[in-house]
Structure formats: structure tokens, C-alpha cells
>>> print(open('input17.txt').read())   # compact mmCIF, N, CA and C atoms
# COMPACT_ATOMS: atom_id res chain seq x y z
N MET A 305 124.29 72.40 136.38
CA MET A 305 123.42 72.99 135.38
C MET A 305 124.30 73.68 134.34
N ARG A 306 123.97 73.45 133.09
CA ARG A 306 124.72 74.04 131.98
C ARG A 306 123.98 75.26 131.47
N VAL A 307 124.67 76.38 131.38
CA VAL A 307 124.08 77.60 130.89
C VAL A 307 124.70 77.89 129.53
N THR A 308 123.83 78.15 128.56
CA THR A 308 124.34 78.48 127.22
C THR A 308 123.79 79.83 126.81
N SER A 309 124.47 80.44 125.88
CA SER A 309 124.04 81.71 125.34
C SER A 309 123.72 81.52 123.87
N ILE A 310 122.45 81.70 123.50
CA ILE A 310 122.09 81.52 122.11
C ILE A 310 122.01 82.84 121.36
N GLY A 311 122.04 83.94 122.05
CA GLY A 311 122.00 85.24 121.41
C GLY A 311 120.61 85.62 120.93
N ILE A 312 120.49 86.86 120.53
CA ILE A 312 119.20 87.39 120.09
C ILE A 312 118.67 86.68 118.85
N PRO A 313 119.49 86.43 117.80
CA PRO A 313 118.94 85.71 116.65
C PRO A 313 118.39 84.33 117.03
N GLY A 314 119.08 83.63 117.92
CA GLY A 314 118.60 82.33 118.37
C GLY A 314 117.30 82.45 119.14
N LEU A 315 117.19 83.48 119.97
CA LEU A 315 115.94 83.71 120.71
C LEU A 315 114.79 84.04 119.75
N LEU A 316 115.07 84.85 118.74
CA LEU A 316 114.04 85.20 117.77
C LEU A 316 113.61 83.98 116.95
N ARG A 317 114.56 83.12 116.62
CA ARG A 317 114.23 81.87 115.90
C ARG A 317 113.36 80.98 116.80
N HIS A 318 113.72 80.89 118.06
CA HIS A 318 112.93 80.10 119.01
C HIS A 318 111.53 80.72 119.15
N GLY A 319 111.46 82.04 119.23
CA GLY A 319 110.17 82.72 119.31
C GLY A 319 109.31 82.46 118.09
N ALA A 320 109.94 82.50 116.91
CA ALA A 320 109.21 82.22 115.66
C ALA A 320 108.66 80.80 115.67
N ARG A 321 109.44 79.86 116.18
CA ARG A 321 109.00 78.47 116.26
C ARG A 321 107.83 78.35 117.24
N THR A 322 107.90 79.06 118.35
CA THR A 322 106.84 79.01 119.35
C THR A 322 105.55 79.60 118.80
N VAL A 323 105.64 80.74 118.11
CA VAL A 323 104.45 81.35 117.51
C VAL A 323 103.86 80.42 116.46
N ALA A 324 104.71 79.78 115.65
CA ALA A 324 104.22 78.85 114.62
C ALA A 324 103.51 77.66 115.26
N ALA A 325 104.05 77.13 116.35
CA ALA A 325 103.40 76.01 117.04
C ALA A 325 102.06 76.45 117.62
N GLY A 326 102.00 77.64 118.19
CA GLY A 326 100.74 78.18 118.69
C GLY A 326 99.72 78.37 117.58
N ARG A 327 100.22 78.79 116.41
CA ARG A 327 99.34 78.96 115.25
C ARG A 327 98.75 77.62 114.82
N VAL A 328 99.55 76.57 114.84
CA VAL A 328 99.05 75.23 114.50
C VAL A 328 97.97 74.81 115.50
N ALA A 329 98.23 75.02 116.78
CA ALA A 329 97.25 74.65 117.80
C ALA A 329 95.95 75.44 117.63
N LEU A 330 96.06 76.73 117.39
CA LEU A 330 94.87 77.56 117.19
C LEU A 330 94.12 77.12 115.92
N GLY A 331 94.87 76.83 114.86
CA GLY A 331 94.24 76.39 113.62
C GLY A 331 93.48 75.09 113.78
N LEU A 332 94.09 74.12 114.45
CA LEU A 332 93.40 72.85 114.69
C LEU A 332 92.15 73.04 115.54
N THR A 333 92.27 73.87 116.57
CA THR A 333 91.11 74.15 117.42
C THR A 333 89.99 74.77 116.62
N ALA A 334 90.33 75.76 115.78
CA ALA A 334 89.30 76.44 114.99
C ALA A 334 88.67 75.51 113.95
N LEU A 335 89.43 74.58 113.43
CA LEU A 335 88.85 73.63 112.47
C LEU A 335 87.84 72.71 113.14
N VAL A 336 88.14 72.27 114.35
CA VAL A 336 87.27 71.32 115.04
C VAL A 336 86.14 72.03 115.80
N TRP A 337 86.47 73.09 116.53
CA TRP A 337 85.51 73.85 117.33
C TRP A 337 85.64 75.33 116.99
N PRO A 338 85.13 75.77 115.87
CA PRO A 338 85.38 77.15 115.43
C PRO A 338 84.87 78.22 116.38
N SER A 339 83.85 77.91 117.17
CA SER A 339 83.33 78.94 118.06
C SER A 339 84.24 79.20 119.27
N VAL A 340 85.13 78.25 119.59
CA VAL A 340 85.99 78.42 120.77
C VAL A 340 86.95 79.61 120.59
N PRO A 341 87.76 79.66 119.54
CA PRO A 341 88.62 80.84 119.40
C PRO A 341 87.87 82.07 118.89
N ALA A 342 86.69 81.88 118.27
CA ALA A 342 85.95 83.02 117.74
C ALA A 342 85.17 83.78 118.82
N ARG A 343 84.73 83.08 119.87
CA ARG A 343 83.88 83.71 120.87
C ARG A 343 84.51 84.94 121.52
N PRO A 344 85.78 84.90 121.95
CA PRO A 344 86.35 86.13 122.52
C PRO A 344 86.42 87.27 121.50
N TRP A 345 86.54 86.92 120.24
CA TRP A 345 86.70 87.94 119.20
C TRP A 345 85.35 88.56 118.81
N VAL A 346 84.34 87.71 118.56
CA VAL A 346 83.08 88.23 118.04
C VAL A 346 81.89 88.03 118.97
N GLY A 347 82.10 87.42 120.13
CA GLY A 347 81.02 87.25 121.09
C GLY A 347 80.06 86.14 120.71
N ALA A 348 78.79 86.34 121.05
CA ALA A 348 77.76 85.31 120.85
C ALA A 348 77.57 84.96 119.38
N ALA A 349 77.96 85.84 118.48
CA ALA A 349 77.83 85.57 117.04
C ALA A 349 78.71 84.39 116.62
N ALA A 350 79.63 83.96 117.48
CA ALA A 350 80.53 82.84 117.16
C ALA A 350 79.77 81.54 116.91
N ASP A 351 78.54 81.44 117.41
CA ASP A 351 77.76 80.22 117.24
C ASP A 351 76.94 80.21 115.94
N GLU A 352 76.90 81.33 115.23
CA GLU A 352 76.13 81.40 113.98
C GLU A 352 76.89 80.70 112.86
N LEU A 353 76.14 80.21 111.89
CA LEU A 353 76.73 79.45 110.78
C LEU A 353 77.84 80.23 110.08
N GLY A 354 77.61 81.48 109.74
CA GLY A 354 78.61 82.27 109.04
C GLY A 354 79.91 82.38 109.83
N ALA A 355 79.80 82.61 111.13
CA ALA A 355 81.00 82.72 111.97
C ALA A 355 81.72 81.38 112.06
N ARG A 356 80.99 80.29 112.10
CA ARG A 356 81.63 78.96 112.15
C ARG A 356 82.38 78.67 110.85
N VAL A 357 81.78 79.03 109.71
CA VAL A 357 82.44 78.81 108.43
C VAL A 357 83.72 79.65 108.35
N PHE A 358 83.62 80.94 108.67
CA PHE A 358 84.80 81.79 108.65
C PHE A 358 85.82 81.37 109.69
N GLY A 359 85.35 80.90 110.84
CA GLY A 359 86.27 80.41 111.87
C GLY A 359 87.08 79.22 111.38
N ARG A 360 86.41 78.31 110.68
CA ARG A 360 87.14 77.16 110.12
C ARG A 360 88.11 77.59 109.03
N ALA A 361 87.71 78.55 108.21
CA ALA A 361 88.59 79.05 107.15
C ALA A 361 89.82 79.71 107.76
N LEU A 362 89.63 80.51 108.79
CA LEU A 362 90.78 81.12 109.47
C LEU A 362 91.64 80.06 110.16
N GLY A 363 90.99 79.02 110.67
CA GLY A 363 91.74 77.92 111.26
C GLY A 363 92.62 77.22 110.24
N ALA A 364 92.07 77.02 109.05
CA ALA A 364 92.86 76.40 107.97
C ALA A 364 94.03 77.29 107.59
N ARG A 365 93.80 78.59 107.54
CA ARG A 365 94.88 79.54 107.24
C ARG A 365 95.98 79.44 108.29
N ASP A 366 95.59 79.47 109.55
CA ASP A 366 96.60 79.42 110.62
C ASP A 366 97.32 78.08 110.64
N LEU A 367 96.61 77.00 110.40
CA LEU A 367 97.25 75.68 110.35
C LEU A 367 98.29 75.64 109.24
N ALA A 368 97.92 76.10 108.04
CA ALA A 368 98.85 76.09 106.92
C ALA A 368 100.07 76.99 107.18
N LEU A 369 99.83 78.19 107.68
CA LEU A 369 100.95 79.10 107.97
C LEU A 369 101.87 78.53 109.06
N GLY A 370 101.27 77.96 110.08
CA GLY A 370 102.07 77.38 111.16
C GLY A 370 102.88 76.18 110.72
N LEU A 371 102.25 75.27 109.97
CA LEU A 371 102.98 74.09 109.50
C LEU A 371 104.09 74.49 108.51
N GLY A 372 103.80 75.45 107.64
CA GLY A 372 104.82 75.91 106.70
C GLY A 372 106.01 76.52 107.42
N ALA A 373 105.74 77.34 108.42
CA ALA A 373 106.83 77.96 109.18
C ALA A 373 107.63 76.91 109.95
N LEU A 374 106.94 75.98 110.59
CA LEU A 374 107.65 74.94 111.34
C LEU A 374 108.53 74.09 110.43
N ALA A 375 108.01 73.73 109.26
CA ALA A 375 108.80 72.94 108.31
C ALA A 375 110.03 73.72 107.85
N ALA A 376 109.85 74.99 107.53
CA ALA A 376 110.97 75.80 107.07
C ALA A 376 111.98 76.05 108.18
N LEU A 377 111.51 76.13 109.41
CA LEU A 377 112.41 76.38 110.55
C LEU A 377 113.18 75.13 110.97
N GLN A 378 112.87 73.97 110.41
CA GLN A 378 113.59 72.74 110.75
C GLN A 378 115.02 72.76 110.25
N GLY A 379 115.29 73.57 109.24
CA GLY A 379 116.64 73.63 108.67
C GLY A 379 117.61 74.26 109.63
N PRO A 380 118.90 74.18 109.31
CA PRO A 380 119.93 74.77 110.17
C PRO A 380 119.82 76.29 110.19
N ALA A 381 120.17 76.87 111.32
CA ALA A 381 120.12 78.33 111.45
C ALA A 381 121.22 78.99 110.64
N THR A 382 122.37 78.36 110.56
CA THR A 382 123.48 78.91 109.81
C THR A 382 124.21 77.78 109.13
N GLY A 383 125.12 78.14 108.27
CA GLY A 383 125.96 77.12 107.66
C GLY A 383 125.71 76.99 106.18
N ALA A 384 126.56 76.23 105.52
CA ALA A 384 126.47 76.06 104.08
C ALA A 384 125.15 75.42 103.71
N GLY A 385 124.55 75.92 102.65
CA GLY A 385 123.31 75.35 102.15
C GLY A 385 122.07 75.80 102.88
N SER A 386 122.20 76.73 103.82
CA SER A 386 121.02 77.12 104.58
C SER A 386 120.34 78.36 104.02
N ALA A 387 120.87 78.95 102.97
CA ALA A 387 120.29 80.20 102.46
C ALA A 387 118.85 80.01 102.03
N SER A 388 118.56 78.96 101.26
CA SER A 388 117.18 78.77 100.81
C SER A 388 116.27 78.45 101.98
N GLY A 389 116.76 77.66 102.92
CA GLY A 389 115.95 77.35 104.10
C GLY A 389 115.69 78.57 104.95
N ALA A 390 116.72 79.39 105.15
CA ALA A 390 116.56 80.61 105.94
C ALA A 390 115.61 81.57 105.24
N GLY A 391 115.75 81.70 103.92
CA GLY A 391 114.85 82.57 103.19
C GLY A 391 113.42 82.08 103.23
N SER A 392 113.24 80.78 103.12
CA SER A 392 111.91 80.19 103.20
C SER A 392 111.32 80.39 104.59
N ALA A 393 112.10 80.17 105.62
CA ALA A 393 111.62 80.36 106.99
C ALA A 393 111.23 81.82 107.21
N SER A 394 112.06 82.73 106.73
CA SER A 394 111.75 84.15 106.86
C SER A 394 110.44 84.48 106.16
N ALA A 395 110.22 83.95 104.97
CA ALA A 395 108.99 84.23 104.22
C ALA A 395 107.76 83.67 104.93
N TRP A 396 107.85 82.44 105.44
CA TRP A 396 106.72 81.84 106.16
C TRP A 396 106.39 82.62 107.42
N VAL A 397 107.42 82.99 108.17
CA VAL A 397 107.20 83.74 109.42
C VAL A 397 106.64 85.13 109.10
N ALA A 398 107.13 85.76 108.04
CA ALA A 398 106.61 87.07 107.64
C ALA A 398 105.14 86.97 107.21
N ALA A 399 104.77 85.90 106.52
CA ALA A 399 103.38 85.72 106.11
C ALA A 399 102.47 85.59 107.33
N GLY A 400 102.92 84.87 108.33
CA GLY A 400 102.14 84.76 109.56
C GLY A 400 102.02 86.10 110.26
N ALA A 401 103.11 86.87 110.29
CA ALA A 401 103.09 88.19 110.92
C ALA A 401 102.12 89.12 110.19
N LEU A 402 102.11 89.04 108.86
CA LEU A 402 101.19 89.86 108.08
C LEU A 402 99.74 89.49 108.40
N SER A 403 99.44 88.19 108.47
CA SER A 403 98.06 87.79 108.77
C SER A 403 97.66 88.26 110.16
N ASP A 404 98.58 88.21 111.12
CA ASP A 404 98.28 88.70 112.47
C ASP A 404 98.04 90.21 112.47
N ALA A 405 98.87 90.94 111.73
CA ALA A 405 98.70 92.40 111.66
C ALA A 405 97.35 92.75 111.03
N LEU A 406 96.95 91.98 110.02
CA LEU A 406 95.65 92.25 109.39
C LEU A 406 94.49 91.85 110.29
N ASP A 407 94.69 90.88 111.18
CA ASP A 407 93.67 90.57 112.18
C ASP A 407 93.48 91.76 113.13
N VAL A 408 94.57 92.44 113.46
CA VAL A 408 94.49 93.64 114.29
C VAL A 408 93.69 94.72 113.55
N VAL A 409 94.00 94.92 112.27
CA VAL A 409 93.28 95.92 111.46
C VAL A 409 91.79 95.59 111.42
N ALA A 410 91.45 94.33 111.21
CA ALA A 410 90.05 93.92 111.16
C ALA A 410 89.36 94.20 112.50
N SER A 411 90.06 93.95 113.59
CA SER A 411 89.47 94.20 114.91
C SER A 411 89.27 95.69 115.16
N VAL A 412 90.27 96.47 114.84
CA VAL A 412 90.18 97.92 115.07
C VAL A 412 89.07 98.53 114.21
N SER A 413 88.90 98.01 113.00
CA SER A 413 87.87 98.57 112.11
C SER A 413 86.46 98.30 112.62
N SER A 414 86.29 97.31 113.47
CA SER A 414 84.97 97.00 114.05
C SER A 414 84.99 97.14 115.57
N TRP A 415 85.88 97.94 116.07
CA TRP A 415 86.16 98.06 117.50
C TRP A 415 84.91 98.19 118.36
N ARG A 416 84.04 99.13 118.05
CA ARG A 416 82.88 99.41 118.91
C ARG A 416 81.87 98.28 118.95
N GLU A 417 81.83 97.45 117.91
CA GLU A 417 80.85 96.37 117.85
C GLU A 417 81.35 95.08 118.49
N LEU A 418 82.62 94.99 118.76
CA LEU A 418 83.20 93.76 119.33
C LEU A 418 83.06 93.75 120.85
N PRO A 419 83.02 92.56 121.45
CA PRO A 419 82.96 92.48 122.92
C PRO A 419 84.17 93.20 123.54
N ARG A 420 83.91 93.97 124.58
CA ARG A 420 84.91 94.85 125.18
C ARG A 420 86.20 94.11 125.59
N THR A 421 86.09 93.06 126.37
CA THR A 421 87.28 92.33 126.82
C THR A 421 87.94 91.58 125.68
N GLY A 422 87.12 90.93 124.87
CA GLY A 422 87.65 90.13 123.77
C GLY A 422 88.43 90.94 122.77
N ARG A 423 87.96 92.14 122.45
CA ARG A 423 88.68 92.95 121.46
C ARG A 423 90.08 93.29 121.93
N TRP A 424 90.22 93.57 123.22
CA TRP A 424 91.55 93.87 123.76
C TRP A 424 92.44 92.63 123.73
N LEU A 425 91.87 91.48 124.09
CA LEU A 425 92.65 90.23 124.06
C LEU A 425 93.12 89.89 122.65
N VAL A 426 92.22 90.03 121.68
CA VAL A 426 92.58 89.71 120.30
C VAL A 426 93.62 90.68 119.77
N VAL A 427 93.42 91.97 120.00
CA VAL A 427 94.38 92.96 119.50
C VAL A 427 95.74 92.77 120.18
N ALA A 428 95.73 92.49 121.47
CA ALA A 428 97.01 92.28 122.18
C ALA A 428 97.72 91.02 121.70
N SER A 429 96.97 89.92 121.57
CA SER A 429 97.63 88.67 121.16
C SER A 429 98.04 88.71 119.70
N ALA A 430 97.17 89.18 118.81
CA ALA A 430 97.52 89.25 117.39
C ALA A 430 98.60 90.30 117.16
N GLY A 431 98.52 91.42 117.87
CA GLY A 431 99.55 92.45 117.74
C GLY A 431 100.91 91.96 118.24
N GLY A 432 100.90 91.26 119.36
CA GLY A 432 102.15 90.69 119.87
C GLY A 432 102.73 89.65 118.93
N ALA A 433 101.87 88.80 118.38
CA ALA A 433 102.35 87.79 117.43
C ALA A 433 102.87 88.45 116.16
N ALA A 434 102.22 89.54 115.72
CA ALA A 434 102.69 90.25 114.52
C ALA A 434 104.07 90.86 114.77
N LEU A 435 104.26 91.47 115.92
CA LEU A 435 105.57 92.06 116.24
C LEU A 435 106.65 90.99 116.39
N ALA A 436 106.31 89.90 117.09
CA ALA A 436 107.29 88.81 117.25
C ALA A 436 107.60 88.19 115.89
N GLY A 437 106.58 88.02 115.06
CA GLY A 437 106.79 87.44 113.74
C GLY A 437 107.64 88.34 112.86
N ALA A 438 107.39 89.64 112.90
CA ALA A 438 108.18 90.56 112.08
C ALA A 438 109.64 90.55 112.51
N ALA A 439 109.88 90.55 113.82
CA ALA A 439 111.26 90.49 114.31
C ALA A 439 111.91 89.16 113.92
N GLY A 440 111.17 88.08 114.04
CA GLY A 440 111.70 86.77 113.66
C GLY A 440 111.99 86.69 112.18
N ALA A 441 111.11 87.24 111.35
CA ALA A 441 111.32 87.21 109.90
C ALA A 441 112.58 87.97 109.51
N VAL A 442 112.81 89.11 110.16
CA VAL A 442 114.02 89.89 109.88
C VAL A 442 115.25 89.11 110.32
N ALA A 443 115.18 88.51 111.49
CA ALA A 443 116.33 87.76 112.01
C ALA A 443 116.63 86.52 111.16
N LEU A 444 115.61 85.96 110.53
CA LEU A 444 115.79 84.74 109.74
C LEU A 444 116.22 85.00 108.30
N ARG A 445 116.18 86.24 107.87
CA ARG A 445 116.60 86.55 106.49
C ARG A 445 118.05 86.17 106.29
N PRO A 446 118.35 85.53 105.17
CA PRO A 446 119.76 85.22 104.91
C PRO A 446 120.54 86.49 104.61
N ASP A 447 121.77 86.53 105.08
CA ASP A 447 122.62 87.68 104.76
C ASP A 447 123.27 87.46 103.40
N ARG A 448 124.15 88.32 103.03
CA ARG A 448 124.79 88.22 101.70
C ARG A 448 125.66 86.98 101.54
N ASN A 449 126.06 86.38 102.64
CA ASN A 449 126.86 85.17 102.58
C ASN A 449 125.99 83.92 102.52
N GLY A 450 124.67 84.12 102.57
CA GLY A 450 123.78 82.97 102.48
C GLY A 450 123.45 82.33 103.80
N THR A 451 123.78 82.98 104.91
CA THR A 451 123.43 82.44 106.22
C THR A 451 122.47 83.39 106.90
N SER A 452 121.61 82.85 107.78
CA SER A 452 120.70 83.72 108.51
C SER A 452 121.49 84.41 109.60
N THR A 453 121.00 85.61 109.96
CA THR A 453 121.71 86.41 110.97
C THR A 453 121.34 86.01 112.36
>>> encode(input="input17.txt", output="C-alpha cells")
Amino acid sequence: MRVTSIGIPGLLRHGARTVAAGRVALGLTALVWPSVPARPWVGAAADELGARVFGRALGARDLALGLGALAALQGPATGAGSASGAGSASAWVAAGALSDALDVVASVSSWRELPRTGRWLVVASAGGAALAGAAGAVALRPDRNGTST
């Protein structure tokens, strides 16, 4: 068995890629079956027309953010010519982290009206994705030499 050490920046890049892939999966699910990811968040209201429309819109947002991050993360982590790719990856990952953080804000602002278990699941998952995304975005920023850290 071969053991390698990729270091913290490599782990954060891998984490950013994993969150982006999860975002694509969630986005596709919400586009096709909007009530599935919405039900834990908003409860029985997930079956109403308004919730389905917003669920699909959020699915489209997550799909776009995830695909953009995955495309930007395809570039090399370091090396000549990677500054624009690293900067682009950092921006895409940061945008996803911001959307996750705002999902937490939206949940907290309606805390008492949301289903008890679902609100905790959404805040924990969106909050975790926001923290992982923020760390990944910082790690992916190009340094002054034009390489990501």
C-alpha cells in the first residue's frame, strides 16, 4: 500500500471538490424532485406550488455553483499558468460558501416555524458546507507568485 501526504491545502482542495460535487447532486435532485430536498427544510409545505418553484430555483443555483466550481477546480493546484485557474476556483468555492451561509441565515430567521429536526439538519449541513467552502476558498487563492497555497 502506498501512503502519500497531500497536506492541508490538498485536503482543502479535495474538500472543495467534494462539496461542489454534492452541490451538483443536490441541484439535480431539486430540479427533478424539488420537494425531496425541501421537505426536511420546510416540512409539508414542500409539496405546495410556491415551494416547488423555489426548490427548483435553488436547485438551479446549486447546480450552477457546483458545476462552476468543479470546472475551475480541474486546473492544476500549483505551477505556471495556474493563477487565473486558482483565482477562479477560489471565487467559485467562495460563492458556494456564501450561498450556504445565507441558507443558514434564512433558516435561523424562521427558526420557530421550521420543522424541529429538519432545521437542525439544514443549519448543520449548510453551516458545515459554508465553513468548508470558506476554508477551501482561502486555500485556493493564488499567492503573490501566482500559485495557490
>>> atom_distance(input="input17.txt", atom1="atom CA of A:Arg317", atom2="atom C of A:Trp424")
25.5 Å
>>> select_by_dssp(input="input17.txt", residues="stretch 364-442 of chain A", states="helix (DSSP H, G or I)", output="PyMOL selection string")
chain A and resi 364-377+387-413+415-417+420-442
>>> residues_around(input="input17.txt", residues="stretch 408-421 of chain A", least_positions_apart="6", cutoff="8 Å", atoms="all atoms listed in the file", output="list in words")
Arg343, Pro344, Trp345, Val346, Gly347, Ala348, Leu402, Val427, Ala428, Ala430 and Gly431 of chain A
>>> atom_distance(input="input17.txt", atom1="atom N of A:Val336", atom2="atom CA of A:Arg360")
6.5 Å
>>> residues_around(input="input17.txt", residues="A:Gly319", least_positions_apart="6", cutoff="8 Å", atoms="all atoms listed in the file", output="tab-separated table (two decimals) with N, CA and C atoms, in the coordinates of the input")
chain	number	residue	atom	x	y	z
A	313	PRO	N	119.49	86.43	117.80
A	313	PRO	CA	118.94	85.71	116.65
A	313	PRO	C	118.39	84.33	117.03
A	325	ALA	N	104.05	77.13	116.35
A	325	ALA	CA	103.40	76.01	117.04
A	325	ALA	C	102.06	76.45	117.62
A	436	ALA	N	106.31	89.90	117.09
A	436	ALA	CA	107.29	88.81	117.25
A	436	ALA	C	107.60	88.19	115.89
A	437	GLY	N	106.58	88.02	115.06
A	437	GLY	CA	106.79	87.44	113.74
A	437	GLY	C	107.64	88.34	112.86
A	440	GLY	N	111.17	88.08	114.04
A	440	GLY	CA	111.70	86.77	113.66
A	440	GLY	C	111.99	86.69	112.18
>>> atom_distance(input="input17.txt", atom1="atom CA of A:Ala399", atom2="atom CA of A:Asp447")
19.4 Å
>>> closest_residue(input="input17.txt", among="A:Leu425, A:Pro446, A:Leu374, A:Ala393", to="A:Arg321", atoms="all atoms listed in the file")
A:Leu374
>>> axis_aligned_box(input="input17.txt", around="stretch 340-351 of chain A", padding_each_side="3 Å", output="AutoDock Vina command-line options")
--center_x 82.8 --center_y 83.4 --center_z 119.2 --size_x 17.7 --size_y 16.3 --size_z 12.6
>>> residues_around(input="input17.txt", residues="A:Leu330", least_positions_apart="5", cutoff="8 Å", atoms="only C-alpha atoms", output="JSON, numbers by chain")
{"A": [341, 363, 366, 367]}
>>> residues_around(input="input17.txt", residues="A:Gly372", least_positions_apart="4", cutoff="8 Å", atoms="only N, CA and C atoms", output="short mmCIF file (atom, residue, chain, number, x, y, z; two decimals) with N, CA and C atoms, in the coordinates of the input")
data_model
loop_
_atom_site.label_atom_id
_atom_site.label_comp_id
_atom_site.auth_asym_id
_atom_site.auth_seq_id
_atom_site.Cartn_x
_atom_site.Cartn_y
_atom_site.Cartn_z
N ALA A 324 104.71 79.78 115.65
CA ALA A 324 104.22 78.85 114.62
C ALA A 324 103.51 77.66 115.26
N ASP A 366 95.59 79.47 109.55
CA ASP A 366 96.60 79.42 110.62
C ASP A 366 97.32 78.08 110.64
N LEU A 367 96.61 77.00 110.40
CA LEU A 367 97.25 75.68 110.35
C LEU A 367 98.29 75.64 109.24
N ALA A 368 97.92 76.10 108.04
CA ALA A 368 98.85 76.09 106.92
C ALA A 368 100.07 76.99 107.18
N ALA A 376 109.85 74.99 107.53
CA ALA A 376 110.97 75.80 107.07
C ALA A 376 111.98 76.05 108.18
N LEU A 377 111.51 76.13 109.41
CA LEU A 377 112.41 76.38 110.55
C LEU A 377 113.18 75.13 110.97
N GLN A 378 112.87 73.97 110.41
CA GLN A 378 113.59 72.74 110.75
C GLN A 378 115.02 72.76 110.25
N SER A 392 113.24 80.78 103.12
CA SER A 392 111.91 80.19 103.20
C SER A 392 111.32 80.39 104.59
N ALA A 393 112.10 80.17 105.62
CA ALA A 393 111.62 80.36 106.99
C ALA A 393 111.23 81.82 107.21
N ALA A 395 110.22 83.95 104.97
CA ALA A 395 108.99 84.23 104.22
C ALA A 395 107.76 83.67 104.93
N TRP A 396 107.85 82.44 105.44
CA TRP A 396 106.72 81.84 106.16
C TRP A 396 106.39 82.62 107.42
N VAL A 397 107.42 82.99 108.17
CA VAL A 397 107.20 83.74 109.42
C VAL A 397 106.64 85.13 109.10
#
>>> closest_residue(input="input17.txt", among="A:Ile310, A:Gly379, A:Arg356, A:Ala320", to="A:Ala441", atoms="all atoms listed in the file")
A:Ala320
>>> closest_residue(input="input17.txt", among="A:Val442, A:Leu362, A:Ala355, A:Leu315", to="A:Leu332", atoms="only N, CA and C atoms")
A:Leu362
>>> closest_residue(input="input17.txt", among="A:Leu435, A:Ala405, A:Val323, A:Val426", to="A:Ala342", atoms="only C-alpha atoms")
A:Val426
>>> closest_residue(input="input17.txt", among="A:Ala373, A:Ala401, A:Gly359, A:Asp407", to="A:Ala438", atoms="all atoms listed in the file")
A:Ala401
>>> closest_residue(input="input17.txt", among="A:Arg365, A:Arg327, A:Arg445, A:His318", to="A:Ser394", atoms="only C-alpha atoms")
A:Arg445
>>> decode(input="input17.txt", residues="stretch 367-382 of chain A", atoms="N, CA and C atoms", output="PDB file, in the first residue's frame")
ATOM      1  N   LEU A 367     -26.765  23.776  -8.809  1.00  0.00           N
ATOM      2  CA  LEU A 367     -26.183  23.109  -9.969  1.00  0.00           C
ATOM      3  C   LEU A 367     -25.148  24.016 -10.631  1.00  0.00           C
ATOM      4  N   ALA A 368     -25.509  25.280 -10.859  1.00  0.00           N
ATOM      5  CA  ALA A 368     -24.581  26.215 -11.497  1.00  0.00           C
ATOM      6  C   ALA A 368     -23.331  26.444 -10.645  1.00  0.00           C
ATOM      7  N   LEU A 369     -23.513  26.657  -9.346  1.00  0.00           N
ATOM      8  CA  LEU A 369     -22.356  26.878  -8.469  1.00  0.00           C
ATOM      9  C   LEU A 369     -21.460  25.635  -8.411  1.00  0.00           C
ATOM     10  N   GLY A 370     -22.075  24.473  -8.334  1.00  0.00           N
ATOM     11  CA  GLY A 370     -21.290  23.240  -8.277  1.00  0.00           C
ATOM     12  C   GLY A 370     -20.534  22.969  -9.561  1.00  0.00           C
ATOM     13  N   LEU A 371     -21.200  23.129 -10.704  1.00  0.00           N
ATOM     14  CA  LEU A 371     -20.521  22.898 -11.979  1.00  0.00           C
ATOM     15  C   LEU A 371     -19.410  23.926 -12.209  1.00  0.00           C
ATOM     16  N   GLY A 372     -19.658  25.178 -11.843  1.00  0.00           N
ATOM     17  CA  GLY A 372     -18.626  26.204 -11.986  1.00  0.00           C
ATOM     18  C   GLY A 372     -17.411  25.897 -11.137  1.00  0.00           C
ATOM     19  N   ALA A 373     -17.638  25.485  -9.894  1.00  0.00           N
ATOM     20  CA  ALA A 373     -16.522  25.147  -9.009  1.00  0.00           C
ATOM     21  C   ALA A 373     -15.768  23.929  -9.529  1.00  0.00           C
ATOM     22  N   LEU A 374     -16.490  22.902  -9.946  1.00  0.00           N
ATOM     23  CA  LEU A 374     -15.818  21.704 -10.462  1.00  0.00           C
ATOM     24  C   LEU A 374     -14.978  22.019 -11.697  1.00  0.00           C
ATOM     25  N   ALA A 375     -15.516  22.829 -12.595  1.00  0.00           N
ATOM     26  CA  ALA A 375     -14.762  23.199 -13.803  1.00  0.00           C
ATOM     27  C   ALA A 375     -13.507  23.982 -13.428  1.00  0.00           C
ATOM     28  N   ALA A 376     -13.633  24.930 -12.510  1.00  0.00           N
ATOM     29  CA  ALA A 376     -12.486  25.738 -12.108  1.00  0.00           C
ATOM     30  C   ALA A 376     -11.459  24.904 -11.343  1.00  0.00           C
ATOM     31  N   LEU A 377     -11.925  23.906 -10.615  1.00  0.00           N
ATOM     32  CA  LEU A 377     -11.009  23.056  -9.835  1.00  0.00           C
ATOM     33  C   LEU A 377     -10.282  22.026 -10.698  1.00  0.00           C
ATOM     34  N   GLN A 378     -10.641  21.902 -11.969  1.00  0.00           N
ATOM     35  CA  GLN A 378      -9.970  20.946 -12.853  1.00  0.00           C
ATOM     36  C   GLN A 378      -8.542  21.361 -13.164  1.00  0.00           C
ATOM     37  N   GLY A 379      -8.245  22.641 -13.017  1.00  0.00           N
ATOM     38  CA  GLY A 379      -6.902  23.132 -13.316  1.00  0.00           C
ATOM     39  C   GLY A 379      -5.894  22.632 -12.311  1.00  0.00           C
ATOM     40  N   PRO A 380      -4.610  22.846 -12.595  1.00  0.00           N
ATOM     41  CA  PRO A 380      -3.561  22.408 -11.676  1.00  0.00           C
ATOM     42  C   PRO A 380      -3.611  23.191 -10.370  1.00  0.00           C
ATOM     43  N   ALA A 381      -3.229  22.534  -9.291  1.00  0.00           N
ATOM     44  CA  ALA A 381      -3.220  23.194  -7.988  1.00  0.00           C
ATOM     45  C   ALA A 381      -2.098  24.213  -7.893  1.00  0.00           C
ATOM     46  N   THR A 382      -0.979  23.932  -8.519  1.00  0.00           N
ATOM     47  CA  THR A 382       0.156  24.847  -8.484  1.00  0.00           C
ATOM     48  C   THR A 382       0.836  24.810  -9.833  1.00  0.00           C
TER      49      THR A 382
END
